[in-house]
Protein chains: 2
Amino acid sequence: MAIDTRDRILDVAERMFGERGFPATSLRDITTEAGVNVASVNYHFGSKEALLAEVLERRLKPINERRLELLDAVEARAGDGPPELEAVVRAFLSPPFHSQRVWGEKGPGFLRLVGRIHSETNEEFRATFVKQFDAVFQRFTAALQRALPNLDDADVSWRMLFMVGSMAFTMSWGPTLVSRESGAARDPEDVLESLVLYAAAGMAAPVPAGVPAMAATGR
Amino acid sequence: MAIDTRDRILDVAERMFGERGFPATSLRDITTEAGVNVASVNYHFGSKEALLAEVLERRLKPINERRLELLDAVEARAGDGPPELEAVVRAFLSPPFHSQRVWGEKGPGFLRLVGRIHSETNEEFRATFVKQFDAVFQRFTAALQRALPNLDDADVSWRMLFMVGSMAFTMSWGPTLVSRESGAARDPEDVLESLVLYAAAGMAAPVPAGVPAMAATGR
DNA sequence: GTATGATTGAAACAAGCGTTTGAGCACAGG
DNA sequence: CCTGTGCTCAAACGCTTGTTTCAATCATAC
């Protein structure tokens with residue numbers, strides 16, 4: 001009856017984990033909605049947690065690949081010089097926004113999920129999850145350091161955290177904001193654009209006066 | 001034997017909700033650690049969800065009061081002119097950072113919790129929670145609009161969302177970042193300073209080229 | 001057609017959940 | 001002294017959880 005049980009489970013799980021969170025979603029919720037048997041989750045994936053891992057990987061892998069692709073292009077264009085800051089930021093931020101066509105009523109489920117992985121899973125799971133980002137983080141950290149030579153490593157790391165925070169939070173709450181304040185309604189594409197400009201400006205902010213690493217001001 | 005059962009429950013619940021999340025923390029986890037009986041939660045608070053509400057309110061109320069206090073001072077200083085952007089941003093961001101003396105190994109538990117409220121509770125609860133922020137949001141939105149007259153309302157709203165995202169995410173992951181990369185280690189006070197500069201710069205970013213300030217929203 | 005291995009189904013499993021119960025304790029005011 | 005109130009306790013409530021079991025069914029190769 002089912003086209004493909006595995007995929008149906010993945011789709012429903014992605015949506016429900018995104019909407020309600022991982023611990024708050026039961027396997028019976030998922031399997032009922034997907035029209036499959038409870039046991040099939042453990043048959044196909046092994047456990048609830050393994051299902052979560054697959055849900056995440058399915059979406060995250062293409063996103064991170066796309067990020068690196070875009071960064072490659074930006075760096076190629078820059079040649080030996082420093083890459084353009086805004087382009088680097090855009091290479092990082094845009095793939096998740098494009099990963100789902102619709103910024104639906106509930107938002108891109110799996111990205112809401114990503115935003116709260118760290119709080120809903122145990123330590124080991126979290127570690128293997130973060131590992132998926134390691135390569136991306138290293139590449140972008142290096143690129144940003146070249147684009148912002150007056151920042152020390154610590155500054156770049158913290159500002160990347162700020163940027164990721166804006167992104168994750170926007171994915172989570174954005175749809176709520178859109179539905180609450182009609183004035184704020186916007187295309188996801190416009191929101192992405194706003195976010196890129198915001199993050200690029202923040203990245204280029206002057207370094208704290210009191211704790212200089214080497215240089216004084218930003219752009 | 002217990003100094004005050006109520007307070008012990010609140011303290012332990014705050015920490016555990018922060019570390020593991022609301023659904024993943026059982027009342028028995030809390031009461032065992034606190035050295036009190038399971039039934040005392042329902043006796044003192046009525047339900048698990050009511051306990052969460054009180055945990056949040058206990059910390060959030062003073063934080064939001066302090067925010068408004070600081071904003072009052074900033075606006076008084078500005079007189080009839082526009083308030084200083086960085087001061088407004090600082091008034092918003094600093095109280096949570098000061099709400100707990102120590103940026104411990106696990107981070108300020110209750111702020112990690114705040115960051116994911118929306119995903120771990122039902123719709124009604126979320127509504128009453130967001131209400132606590134309404135006054136603060138309105139005041140700060142107004143102040144930012146005066147400090148950034150070239151942005152339209154939608155821009156200000158989105159950029160506030162970006163700012164809150166940076167803050168929440170930093171509270172959550174900051175401690176992780178500090179422990180992973182020794183190079184990034186910093187005082188919470190320094191991190192706050194970085195965040196303020198980052199957010200102020202982001203707020204002041206140019207408006208998107210394609211979307212003029214006065215035009216109606218979507219396309 | 002029959003055999004084989006992959007998949008599904010209904011049912012049960014033990015464990016844990018939030019909540020309720022009602023007896024018991026401590027200690028005030030009369 | 002007794003009574004009333006506030007609180008704690010062990011035990012049990014009914015229910016849901018993730019996981020397992022094992023027979024039934026399916027698709028495919030011989």
# chains A, B, ... in the order shown; residues from 1 in each chain; ligands from 1
>>> residues_around(residues="region 129-140 of chain A", least_positions_apart="2", cutoff="9 Å", atoms="only C-alpha atoms (C1' of nucleotides)", output="ChimeraX atom specification")
/A:53,56-57,60-61,64-65,67-68,71,88-89,92,117-118,124-127,142-145,160
>>> write_last_selection(atoms="N, CA, C and O atoms", output="CSV table (one decimal), in the first residue's frame")
chain,number,residue,atom,x,y,z
A,53,ALA,N,18.6,10.8,13.6
A,53,ALA,CA,19.9,11.0,12.9
A,53,ALA,C,19.7,11.0,11.4
A,53,ALA,O,20.3,11.8,10.7
A,56,LEU,N,18.0,14.1,10.1
A,56,LEU,CA,18.8,15.2,10.0
A,56,LEU,C,19.8,15.1,8.8
A,56,LEU,O,20.0,16.0,8.0
A,57,GLU,N,20.4,14.0,8.7
A,57,GLU,CA,21.4,13.8,7.7
A,57,GLU,C,20.9,14.0,6.3
A,57,GLU,O,21.5,14.6,5.4
A,60,LEU,N,20.7,17.8,5.9
A,60,LEU,CA,21.9,18.6,6.2
A,60,LEU,C,23.0,18.3,5.2
A,60,LEU,O,23.8,19.2,4.9
A,61,LYS,N,23.1,17.1,4.8
A,61,LYS,CA,24.2,16.8,3.8
A,61,LYS,C,24.2,17.7,2.6
A,61,LYS,O,25.2,18.4,2.3
A,64,ASN,N,25.1,21.4,3.5
A,64,ASN,CA,26.5,21.7,3.8
A,64,ASN,C,27.3,21.5,2.5
A,64,ASN,O,28.3,22.2,2.3
A,65,GLU,N,26.9,20.6,1.6
A,65,GLU,CA,27.6,20.5,0.4
A,65,GLU,C,27.5,21.7,-0.5
A,65,GLU,O,28.4,22.2,-1.1
A,67,ARG,N,26.9,24.7,0.6
A,67,ARG,CA,27.6,25.8,1.3
A,67,ARG,C,29.1,25.8,0.8
A,67,ARG,O,29.6,26.8,0.4
A,68,LEU,N,29.6,24.6,0.8
A,68,LEU,CA,31.1,24.5,0.4
A,68,LEU,C,31.2,24.8,-1.1
A,68,LEU,O,32.2,25.5,-1.5
A,71,LEU,N,31.1,28.5,-1.4
A,71,LEU,CA,32.3,29.1,-0.9
A,71,LEU,C,33.4,28.9,-1.8
A,71,LEU,O,34.3,29.8,-2.0
A,88,VAL,N,30.7,35.6,1.4
A,88,VAL,CA,31.0,34.5,2.3
A,88,VAL,C,29.8,34.2,3.2
A,88,VAL,O,29.3,33.1,3.3
A,89,VAL,N,29.3,35.3,3.7
A,89,VAL,CA,28.1,35.2,4.6
A,89,VAL,C,26.9,34.6,3.8
A,89,VAL,O,26.2,33.7,4.3
A,92,PHE,N,27.0,31.0,3.3
A,92,PHE,CA,26.7,30.2,4.5
A,92,PHE,C,25.2,30.2,4.7
A,92,PHE,O,24.6,29.1,5.1
A,117,ILE,N,18.6,20.9,18.6
A,117,ILE,CA,19.2,19.6,18.7
A,117,ILE,C,19.9,19.4,20.0
A,117,ILE,O,19.8,18.5,20.8
A,118,HIS,N,20.7,20.5,20.3
A,118,HIS,CA,21.6,20.4,21.5
A,118,HIS,C,20.8,20.2,22.8
A,118,HIS,O,21.4,19.8,23.8
A,124,GLU,N,26.3,12.2,23.6
A,124,GLU,CA,27.0,11.5,22.5
A,124,GLU,C,26.3,11.8,21.2
A,124,GLU,O,27.0,12.1,20.2
A,125,PHE,N,25.0,11.8,21.2
A,125,PHE,CA,24.4,12.1,19.9
A,125,PHE,C,24.7,13.5,19.4
A,125,PHE,O,25.0,13.7,18.2
A,126,ARG,N,24.8,14.4,20.3
A,126,ARG,CA,25.1,15.8,20.0
A,126,ARG,C,26.5,15.9,19.4
A,126,ARG,O,26.7,16.6,18.4
A,127,ALA,N,27.4,15.1,19.9
A,127,ALA,CA,28.8,15.1,19.4
A,127,ALA,C,28.8,14.6,18.0
A,127,ALA,O,29.5,15.3,17.1
A,142,ALA,N,38.0,29.9,8.2
A,142,ALA,CA,39.2,30.4,7.5
A,142,ALA,C,38.9,31.5,6.5
A,142,ALA,O,39.6,32.5,6.5
A,143,ALA,N,37.8,31.3,5.8
A,143,ALA,CA,37.4,32.3,4.8
A,143,ALA,C,37.1,33.7,5.5
A,143,ALA,O,37.6,34.7,5.1
A,144,LEU,N,36.4,33.6,6.7
A,144,LEU,CA,36.1,34.8,7.4
A,144,LEU,C,37.3,35.5,8.0
A,144,LEU,O,37.4,36.7,8.0
A,145,GLN,N,38.3,34.7,8.4
A,145,GLN,CA,39.5,35.3,8.9
A,145,GLN,C,40.3,36.0,7.9
A,145,GLN,O,40.9,37.0,8.2
A,160,MET,N,30.7,34.1,14.4
A,160,MET,CA,30.1,33.0,13.6
A,160,MET,C,28.9,32.4,14.5
A,160,MET,O,27.8,32.1,14.0
>>> interface_residues(of="chain D", to="chain B", cutoff="12 Å", atoms="only C-alpha atoms (C1' of nucleotides)", output="MDAnalysis selection string")
chainID D and resid 6:11
>>> closest_atom_pairs(of="chain B", to="chain C", cutoff="9 Å", atoms="only C-alpha atoms (C1' of nucleotides)", output="Markdown table")
| residue | atom | partner | partner_atom | distance |
| --- | --- | --- | --- | --- |
| B:Ser26 | CA | C:DC17 | C1' | 7.5 |
| B:Leu27 | CA | C:DG18 | C1' | 7.8 |
| B:Ala39 | CA | C:DT19 | C1' | 8.2 |
| B:Asn42 | CA | C:DT19 | C1' | 7.6 |
| B:Ser47 | CA | C:DG18 | C1' | 8.0 |
| B:Lys48 | CA | C:DG18 | C1' | 7.6 |
>>> closest_residue(among="B:Met16, B:Ala34, B:Ala50, B:Ile63", to="Asp4 (chain B)", atoms="only C-alpha atoms")
B:Ala34
>>> closest_residue(among="A:Ala147, A:Ala204, A:Leu192, A:Ala154", to="chain B", atoms="only C-alpha atoms")
A:Ala154
>>> closest_residue(among="B:Phe17, B:Tyr198, B:Trp173, B:Trp158", to="chain A", atoms="only C-alpha atoms")
B:Tyr198
>>> atom_distance(atom1="CA of Gly202 (chain A)", atom2="CA of Thr141 (chain A)")
15.1 Å
